[in-house]
Amino acid sequence: LFHARRSLAMGAPDDRLQEDYNRFSRTYDELDGGNIASAIGLDEERERVLSLARGDVLEVGVGTGLNLPKYKFSTSKDSVKTVTGIDLSPGMLQQARSKVQALELKDRFALYQMNVQHLDFPDAKFDTIIDTFGLCVFSDPLQALKEMKRVCKPGGNILLLENSISDNKLFAAYQKLTAPMVANMGGKGCFYDQDPVDLATQAGLQVIASNPVGSGGFFRTIITKV
């Protein structure tokens, strides 16, 4: 279930990220999936994004496994078959493993410690790739998206639910001003002023849909195709 195979290739920023998220791991669900997230519609949007997954799924930045109980399996050819989760932090993966053990179809899941910027998978392996709120944390989000594209089958989908620069110019200016401070002081290393649509385009992905989530445009769902 929690496999030893690793592809880390870490530098200083990733070393710090791993240490930080090991420390966050026991309380992360309260920070990222609590009442506030539910109130602004993020829990509902997670479920909507995951409902679009098909076939063999890779979830990058799987963290504590908040999404894992939300995957729906069935006998339909268009349903999810397997879910592979990767994360840089062994502490986060330990929490994810506990969630998987409580699931009825735990044999459908596999977890690996791995750096999303250096995925240890062959080209064109997965039908769907999922990332929820990971791009703002990855030290090189563009390289992460390029790796996701590499391991996704042609015609497959990369589904993103991300922090995003606001469409409102005043809000966006505030984000740019405060992003480094927020990332370092309480934002779990997340630079919340990124433009995930632009990053997806730069990575060579075809953006099918881009929809803001909640008011202010601070979160966004991006549906892309390889």
# chains A, B, ... in the order shown; residues from 1 in each chain; ligands from 1
>>> residues_around(residues="Thr128 (chain A)", least_positions_apart="5", cutoff="7 Å", atoms="only C-alpha atoms", output="MDAnalysis selection string")
chainID A and resid 53:58 152 156:158
>>> residues_around(residues="region 73-89 of chain A", least_positions_apart="2", cutoff="7 Å", atoms="only C-alpha atoms", output="ChimeraX atom specification")
/A:18,21-22,53-63,71,91-93,108-115
>>> select_by_dssp(residues="region 39-159 of chain A", states="strand (DSSP E)", output="PyMOL selection string")
chain A and resi 55-60+80-87+109-114+126-132+152-159
>>> write_last_selection(atoms="N, CA, C and O atoms", output="compact mmCIF listing (two decimals), in the first residue's frame")
# COMPACT_ATOMS: atom_id res chain seq x y z
N GLY A 55 -10.68 5.87 -15.37
CA GLY A 55 -9.59 4.93 -15.63
C GLY A 55 -8.58 4.87 -14.50
O GLY A 55 -8.91 4.93 -13.32
N ASP A 56 -7.31 4.75 -14.88
CA ASP A 56 -6.21 4.73 -13.92
C ASP A 56 -5.83 6.17 -13.59
O ASP A 56 -5.44 6.94 -14.48
N VAL A 57 -5.97 6.52 -12.32
CA VAL A 57 -5.84 7.91 -11.87
C VAL A 57 -4.54 8.08 -11.09
O VAL A 57 -4.19 7.24 -10.26
N LEU A 58 -3.85 9.20 -11.34
CA LEU A 58 -2.72 9.62 -10.52
C LEU A 58 -3.13 10.90 -9.80
O LEU A 58 -3.52 11.87 -10.44
N GLU A 59 -3.04 10.90 -8.47
CA GLU A 59 -3.24 12.13 -7.71
C GLU A 59 -1.89 12.57 -7.18
O GLU A 59 -1.25 11.87 -6.39
N VAL A 60 -1.43 13.75 -7.61
CA VAL A 60 -0.16 14.28 -7.15
C VAL A 60 -0.41 15.16 -5.93
O VAL A 60 -1.48 15.74 -5.78
N VAL A 80 -13.58 5.15 -12.39
CA VAL A 80 -12.22 5.04 -11.87
C VAL A 80 -11.89 3.56 -11.64
O VAL A 80 -12.68 2.81 -11.07
N LYS A 81 -10.70 3.15 -12.10
CA LYS A 81 -10.24 1.77 -11.91
C LYS A 81 -9.27 1.68 -10.73
O LYS A 81 -9.41 0.83 -9.86
N THR A 82 -8.24 2.51 -10.78
CA THR A 82 -7.23 2.52 -9.72
C THR A 82 -6.86 3.96 -9.41
O THR A 82 -7.00 4.85 -10.25
N VAL A 83 -6.36 4.18 -8.19
CA VAL A 83 -5.86 5.50 -7.80
C VAL A 83 -4.46 5.34 -7.23
O VAL A 83 -4.25 4.60 -6.27
N THR A 84 -3.51 6.01 -7.85
CA THR A 84 -2.14 6.08 -7.35
C THR A 84 -1.92 7.47 -6.78
O THR A 84 -2.19 8.46 -7.45
N GLY A 85 -1.45 7.55 -5.55
CA GLY A 85 -1.19 8.84 -4.92
C GLY A 85 0.28 9.01 -4.63
O GLY A 85 0.95 8.07 -4.19
N ILE A 86 0.80 10.22 -4.88
CA ILE A 86 2.20 10.50 -4.56
C ILE A 86 2.29 11.76 -3.72
O ILE A 86 1.48 12.67 -3.84
N ASP A 87 3.31 11.79 -2.87
CA ASP A 87 3.55 12.99 -2.06
C ASP A 87 5.02 12.99 -1.64
O ASP A 87 5.66 11.93 -1.55
N PHE A 109 -5.92 1.24 -4.33
CA PHE A 109 -5.07 2.40 -4.08
C PHE A 109 -3.61 1.98 -3.89
O PHE A 109 -3.32 0.91 -3.35
N ALA A 110 -2.69 2.83 -4.35
CA ALA A 110 -1.26 2.67 -4.09
C ALA A 110 -0.68 4.04 -3.77
O ALA A 110 -1.06 5.04 -4.41
N LEU A 111 0.20 4.11 -2.80
CA LEU A 111 0.81 5.36 -2.37
C LEU A 111 2.32 5.28 -2.48
O LEU A 111 2.93 4.27 -2.10
N TYR A 112 2.93 6.35 -3.02
CA TYR A 112 4.38 6.41 -3.17
C TYR A 112 4.91 7.73 -2.65
O TYR A 112 4.29 8.78 -2.84
N GLN A 113 6.09 7.69 -2.05
CA GLN A 113 6.81 8.93 -1.76
C GLN A 113 7.57 9.33 -3.03
O GLN A 113 8.42 8.57 -3.52
N MET A 114 7.26 10.51 -3.53
CA MET A 114 7.81 10.88 -4.83
C MET A 114 7.69 12.39 -5.02
O MET A 114 6.77 13.03 -4.49
N PHE A 126 -1.17 7.08 -17.21
CA PHE A 126 -2.42 7.33 -16.53
C PHE A 126 -3.47 7.95 -17.45
O PHE A 126 -3.15 8.73 -18.36
N ASP A 127 -4.74 7.64 -17.17
CA ASP A 127 -5.85 8.22 -17.93
C ASP A 127 -6.24 9.59 -17.42
O ASP A 127 -6.67 10.46 -18.19
N THR A 128 -6.13 9.79 -16.11
CA THR A 128 -6.51 11.05 -15.47
C THR A 128 -5.47 11.40 -14.42
O THR A 128 -4.99 10.52 -13.70
N ILE A 129 -5.14 12.68 -14.34
CA ILE A 129 -4.26 13.16 -13.28
C ILE A 129 -4.98 14.27 -12.52
O ILE A 129 -5.59 15.15 -13.13
N ILE A 130 -4.92 14.18 -11.20
CA ILE A 130 -5.61 15.11 -10.31
C ILE A 130 -4.59 15.87 -9.48
O ILE A 130 -3.65 15.28 -8.94
N ASP A 131 -4.80 17.19 -9.36
CA ASP A 131 -4.05 17.97 -8.37
C ASP A 131 -5.01 18.95 -7.72
O ASP A 131 -5.67 19.73 -8.42
N THR A 132 -5.09 18.91 -6.39
CA THR A 132 -5.91 19.89 -5.68
C THR A 132 -5.01 20.68 -4.73
O THR A 132 -4.45 20.14 -3.80
N CYS A 152 0.64 11.31 -18.54
CA CYS A 152 -0.78 11.19 -18.89
C CYS A 152 -0.91 10.69 -20.33
O CYS A 152 -0.16 11.11 -21.22
N LYS A 153 -1.85 9.80 -20.56
CA LYS A 153 -2.07 9.26 -21.89
C LYS A 153 -2.57 10.36 -22.84
O LYS A 153 -3.30 11.25 -22.42
N PRO A 154 -2.21 10.30 -24.11
CA PRO A 154 -2.77 11.24 -25.09
C PRO A 154 -4.30 11.18 -25.07
O PRO A 154 -4.88 10.10 -25.06
N GLY A 155 -4.91 12.34 -25.00
CA GLY A 155 -6.36 12.40 -24.90
C GLY A 155 -6.87 12.34 -23.47
O GLY A 155 -8.07 12.50 -23.22
N GLY A 156 -5.96 12.09 -22.51
CA GLY A 156 -6.35 12.04 -21.11
C GLY A 156 -6.53 13.44 -20.54
O GLY A 156 -6.23 14.45 -21.18
N ASN A 157 -7.02 13.49 -19.31
CA ASN A 157 -7.31 14.77 -18.67
C ASN A 157 -6.43 15.01 -17.45
O ASN A 157 -6.17 14.09 -16.67
N ILE A 158 -6.00 16.25 -17.28
CA ILE A 158 -5.37 16.71 -16.06
C ILE A 158 -6.33 17.71 -15.44
O ILE A 158 -6.66 18.73 -16.04
N LEU A 159 -6.81 17.38 -14.24
CA LEU A 159 -7.86 18.14 -13.57
C LEU A 159 -7.25 18.88 -12.38
O LEU A 159 -6.66 18.25 -11.50
>>> closest_residue(among="A:Arg220, A:Arg46, A:Lys125, A:Lys176", to="Glu162 (chain A)", atoms="only C-alpha atoms")
A:Arg220
>>> atom_distance(atom1="CA of Lys225 (chain A)", atom2="CA of Gln206 (chain A)")
5.1 Å
>>> atom_distance(atom1="CA of Asp107 (chain A)", atom2="CA of Pro122 (chain A)")
21.6 Å
>>> atom_distance(atom1="CA of Leu52 (chain A)", atom2="CA of Thr224 (chain A)")
11.5 Å
>>> residues_around(residues="region 136-149 of chain A", least_positions_apart="4", cutoff="6 Å", atoms="only C-alpha atoms", output="number ranges by chain")
A: 116-117, 189-191, 199, 203
>>> write_last_selection(atoms="all heavy atoms", output="PDB file, in the first residue's frame")
ATOM      1  N   VAL A 116       6.831  15.358  -7.442  1.00  0.00           N
ATOM      2  CA  VAL A 116       6.021  15.541  -8.648  1.00  0.00           C
ATOM      3  C   VAL A 116       6.844  16.107  -9.806  1.00  0.00           C
ATOM      4  O   VAL A 116       6.496  15.928 -10.976  1.00  0.00           O
ATOM      5  CB  VAL A 116       4.812  16.445  -8.336  1.00  0.00           C
ATOM      6  CG1 VAL A 116       5.264  17.854  -7.956  1.00  0.00           C
ATOM      7  CG2 VAL A 116       3.843  16.505  -9.515  1.00  0.00           C
ATOM      8  N   GLN A 117       7.934  16.779  -9.496  1.00  0.00           N
ATOM      9  CA  GLN A 117       8.759  17.361 -10.542  1.00  0.00           C
ATOM     10  C   GLN A 117       9.709  16.343 -11.182  1.00  0.00           C
ATOM     11  O   GLN A 117      10.360  16.646 -12.188  1.00  0.00           O
ATOM     12  CB  GLN A 117       9.544  18.544  -9.966  1.00  0.00           C
ATOM     13  CG  GLN A 117       8.637  19.709  -9.617  1.00  0.00           C
ATOM     14  CD  GLN A 117       9.107  20.548  -8.450  1.00  0.00           C
ATOM     15  OE1 GLN A 117       8.315  21.240  -7.832  1.00  0.00           O
ATOM     16  NE2 GLN A 117      10.389  20.512  -8.122  1.00  0.00           N
ATOM     17  N   GLY A 189       3.504  27.371   2.842  1.00  0.00           N
ATOM     18  CA  GLY A 189       4.385  27.449   1.690  1.00  0.00           C
ATOM     19  C   GLY A 189       3.682  27.731   0.380  1.00  0.00           C
ATOM     20  O   GLY A 189       4.297  27.678  -0.689  1.00  0.00           O
ATOM     21  N   CYS A 190       2.395  28.046   0.440  1.00  0.00           N
ATOM     22  CA  CYS A 190       1.599  28.262  -0.773  1.00  0.00           C
ATOM     23  C   CYS A 190       1.663  29.713  -1.233  1.00  0.00           C
ATOM     24  O   CYS A 190       1.280  30.618  -0.481  1.00  0.00           O
ATOM     25  CB  CYS A 190       0.140  27.865  -0.504  1.00  0.00           C
ATOM     26  SG  CYS A 190      -0.987  28.274  -1.856  1.00  0.00           S
ATOM     27  N   PHE A 191       2.151  29.921  -2.450  1.00  0.00           N
ATOM     28  CA  PHE A 191       2.146  31.248  -3.061  1.00  0.00           C
ATOM     29  C   PHE A 191       0.820  31.403  -3.815  1.00  0.00           C
ATOM     30  O   PHE A 191       0.661  30.901  -4.927  1.00  0.00           O
ATOM     31  CB  PHE A 191       3.351  31.417  -3.983  1.00  0.00           C
ATOM     32  CG  PHE A 191       4.633  31.623  -3.224  1.00  0.00           C
ATOM     33  CD1 PHE A 191       5.319  30.538  -2.695  1.00  0.00           C
ATOM     34  CD2 PHE A 191       5.118  32.890  -3.002  1.00  0.00           C
ATOM     35  CE1 PHE A 191       6.493  30.720  -1.966  1.00  0.00           C
ATOM     36  CE2 PHE A 191       6.287  33.094  -2.279  1.00  0.00           C
ATOM     37  CZ  PHE A 191       6.979  31.999  -1.761  1.00  0.00           C
ATOM     38  N   LEU A 199       0.036  28.765 -16.359  1.00  0.00           N
ATOM     39  CA  LEU A 199       0.989  27.678 -16.169  1.00  0.00           C
ATOM     40  C   LEU A 199       0.606  26.451 -16.991  1.00  0.00           C
ATOM     41  O   LEU A 199       1.465  25.824 -17.622  1.00  0.00           O
ATOM     42  CB  LEU A 199       1.052  27.302 -14.686  1.00  0.00           C
ATOM     43  CG  LEU A 199       1.804  28.267 -13.772  1.00  0.00           C
ATOM     44  CD1 LEU A 199       1.525  27.933 -12.307  1.00  0.00           C
ATOM     45  CD2 LEU A 199       3.304  28.209 -14.047  1.00  0.00           C
ATOM     46  N   ALA A 203       2.717  24.751 -20.107  1.00  0.00           N
ATOM     47  CA  ALA A 203       3.118  23.340 -20.060  1.00  0.00           C
ATOM     48  C   ALA A 203       2.660  22.573 -21.289  1.00  0.00           C
ATOM     49  O   ALA A 203       2.974  21.386 -21.436  1.00  0.00           O
ATOM     50  CB  ALA A 203       2.560  22.688 -18.798  1.00  0.00           C
TER      51      ALA A 203
END
>>> select_by_dssp(residues="region 36-128 of chain A", states="alpha helix (DSSP H)", output="VMD selection string")
chain A and resid 36 to 39 42 to 50 90 to 101
>>> write_last_selection(atoms="N, CA, C and O atoms", output="tab-separated table (two decimals), in the first residue's frame")
chain	number	residue	atom	x	y	z
A	36	ILE	N	-14.31	26.10	7.21
A	36	ILE	CA	-14.17	27.24	6.30
A	36	ILE	C	-14.16	26.75	4.85
A	36	ILE	O	-14.84	27.31	3.98
A	37	ALA	N	-13.38	25.69	4.58
A	37	ALA	CA	-13.34	25.14	3.22
A	37	ALA	C	-14.72	24.70	2.77
A	37	ALA	O	-15.11	24.93	1.62
A	38	SER	N	-15.48	24.10	3.67
A	38	SER	CA	-16.83	23.67	3.34
A	38	SER	C	-17.74	24.87	3.07
A	38	SER	O	-18.53	24.87	2.12
A	39	ALA	N	-17.61	25.90	3.90
A	39	ALA	CA	-18.49	27.07	3.78
A	39	ALA	C	-18.29	27.82	2.47
A	39	ALA	O	-19.25	28.37	1.92
A	42	LEU	N	-15.42	24.67	-1.25
A	42	LEU	CA	-14.28	23.90	-1.74
A	42	LEU	C	-14.50	22.39	-1.62
A	42	LEU	O	-14.06	21.64	-2.49
A	43	ASP	N	-15.16	21.95	-0.55
A	43	ASP	CA	-15.44	20.52	-0.42
A	43	ASP	C	-16.33	20.03	-1.56
A	43	ASP	O	-16.10	18.96	-2.15
A	44	GLU	N	-17.34	20.81	-1.87
A	44	GLU	CA	-18.25	20.45	-2.96
A	44	GLU	C	-17.52	20.43	-4.29
A	44	GLU	O	-17.74	19.56	-5.14
A	45	GLU	N	-16.62	21.41	-4.48
A	45	GLU	CA	-15.87	21.47	-5.73
A	45	GLU	C	-14.88	20.32	-5.85
A	45	GLU	O	-14.66	19.79	-6.95
A	46	ARG	N	-14.28	19.91	-4.74
A	46	ARG	CA	-13.42	18.72	-4.77
A	46	ARG	C	-14.19	17.52	-5.33
A	46	ARG	O	-13.69	16.79	-6.19
A	47	GLU	N	-15.39	17.31	-4.80
A	47	GLU	CA	-16.18	16.16	-5.24
A	47	GLU	C	-16.54	16.26	-6.71
A	47	GLU	O	-16.54	15.26	-7.43
A	48	ARG	N	-16.85	17.48	-7.16
A	48	ARG	CA	-17.19	17.65	-8.57
A	48	ARG	C	-16.00	17.33	-9.46
A	48	ARG	O	-16.14	16.64	-10.49
A	49	VAL	N	-14.83	17.82	-9.10
A	49	VAL	CA	-13.63	17.55	-9.89
A	49	VAL	C	-13.31	16.06	-9.91
A	49	VAL	O	-13.04	15.47	-10.96
A	50	LEU	N	-13.38	15.43	-8.74
A	50	LEU	CA	-13.07	14.00	-8.67
A	50	LEU	C	-14.07	13.15	-9.44
A	50	LEU	O	-13.73	12.07	-9.93
A	90	PRO	N	6.67	11.88	3.91
A	90	PRO	CA	6.27	10.60	4.50
A	90	PRO	C	5.24	10.76	5.61
A	90	PRO	O	4.40	9.88	5.83
A	91	GLY	N	5.29	11.89	6.32
A	91	GLY	CA	4.30	12.13	7.37
A	91	GLY	C	2.90	12.25	6.81
A	91	GLY	O	1.94	11.70	7.37
A	92	MET	N	2.76	12.98	5.72
A	92	MET	CA	1.46	13.12	5.07
A	92	MET	C	0.98	11.78	4.53
A	92	MET	O	-0.20	11.41	4.67
A	93	LEU	N	1.89	11.02	3.94
A	93	LEU	CA	1.53	9.71	3.39
A	93	LEU	C	1.08	8.74	4.48
A	93	LEU	O	0.22	7.89	4.25
A	94	GLN	N	1.66	8.87	5.67
A	94	GLN	CA	1.23	8.02	6.77
A	94	GLN	C	-0.24	8.27	7.11
A	94	GLN	O	-1.02	7.34	7.36
A	95	GLN	N	-0.65	9.54	7.09
A	95	GLN	CA	-2.05	9.87	7.33
A	95	GLN	C	-2.94	9.35	6.19
A	95	GLN	O	-4.04	8.84	6.43
A	96	ALA	N	-2.45	9.45	4.96
A	96	ALA	CA	-3.21	8.95	3.81
A	96	ALA	C	-3.38	7.44	3.89
A	96	ALA	O	-4.45	6.89	3.58
A	97	ARG	N	-2.34	6.75	4.33
A	97	ARG	CA	-2.40	5.30	4.45
A	97	ARG	C	-3.49	4.89	5.45
A	97	ARG	O	-4.22	3.91	5.22
A	98	SER	N	-3.61	5.64	6.53
A	98	SER	CA	-4.64	5.34	7.52
A	98	SER	C	-6.04	5.47	6.92
A	98	SER	O	-6.93	4.66	7.21
A	99	LYS	N	-6.22	6.47	6.07
A	99	LYS	CA	-7.53	6.64	5.42
A	99	LYS	C	-7.82	5.48	4.47
A	99	LYS	O	-8.94	4.97	4.40
A	100	VAL	N	-6.81	5.07	3.71
A	100	VAL	CA	-7.01	3.98	2.76
A	100	VAL	C	-7.38	2.69	3.48
A	100	VAL	O	-8.24	1.92	3.02
A	101	GLN	N	-6.76	2.44	4.61
A	101	GLN	CA	-7.04	1.21	5.35
A	101	GLN	C	-8.50	1.12	5.77
A	101	GLN	O	-9.04	0.02	5.96
>>> residues_around(residues="Asn211 (chain A)", least_positions_apart="5", cutoff="10 Å", atoms="only C-alpha atoms", output="short mmCIF file (atom, residue, chain, number, x, y, z; two decimals) with N, CA and C atoms, in the first residue's frame")
data_model
loop_
_atom_site.label_atom_id
_atom_site.label_comp_id
_atom_site.auth_asym_id
_atom_site.auth_seq_id
_atom_site.Cartn_x
_atom_site.Cartn_y
_atom_site.Cartn_z
N LEU A 161 -7.64 21.83 -9.26
CA LEU A 161 -8.39 22.73 -8.38
C LEU A 161 -7.33 23.47 -7.58
N GLY A 217 -12.56 35.07 -6.73
CA GLY A 217 -11.71 34.43 -7.72
C GLY A 217 -10.38 33.95 -7.18
N PHE A 219 -9.81 30.99 -5.98
CA PHE A 219 -9.69 29.56 -6.28
C PHE A 219 -10.27 29.31 -7.67
N ARG A 220 -9.71 28.28 -8.33
CA ARG A 220 -10.13 28.05 -9.72
C ARG A 220 -10.01 26.58 -10.07
N THR A 221 -11.01 26.08 -10.80
CA THR A 221 -10.94 24.74 -11.37
C THR A 221 -10.57 24.85 -12.84
N ILE A 222 -9.56 24.08 -13.24
CA ILE A 222 -9.10 24.09 -14.64
C ILE A 222 -9.15 22.66 -15.15
N ILE A 223 -9.90 22.46 -16.22
CA ILE A 223 -9.99 21.16 -16.88
C ILE A 223 -9.10 21.22 -18.11
#
>>> closest_residue(among="A:Phe218, A:Ala172, A:Leu103, A:Ser164", to="Leu68 (chain A)", atoms="only C-alpha atoms")
A:Leu103
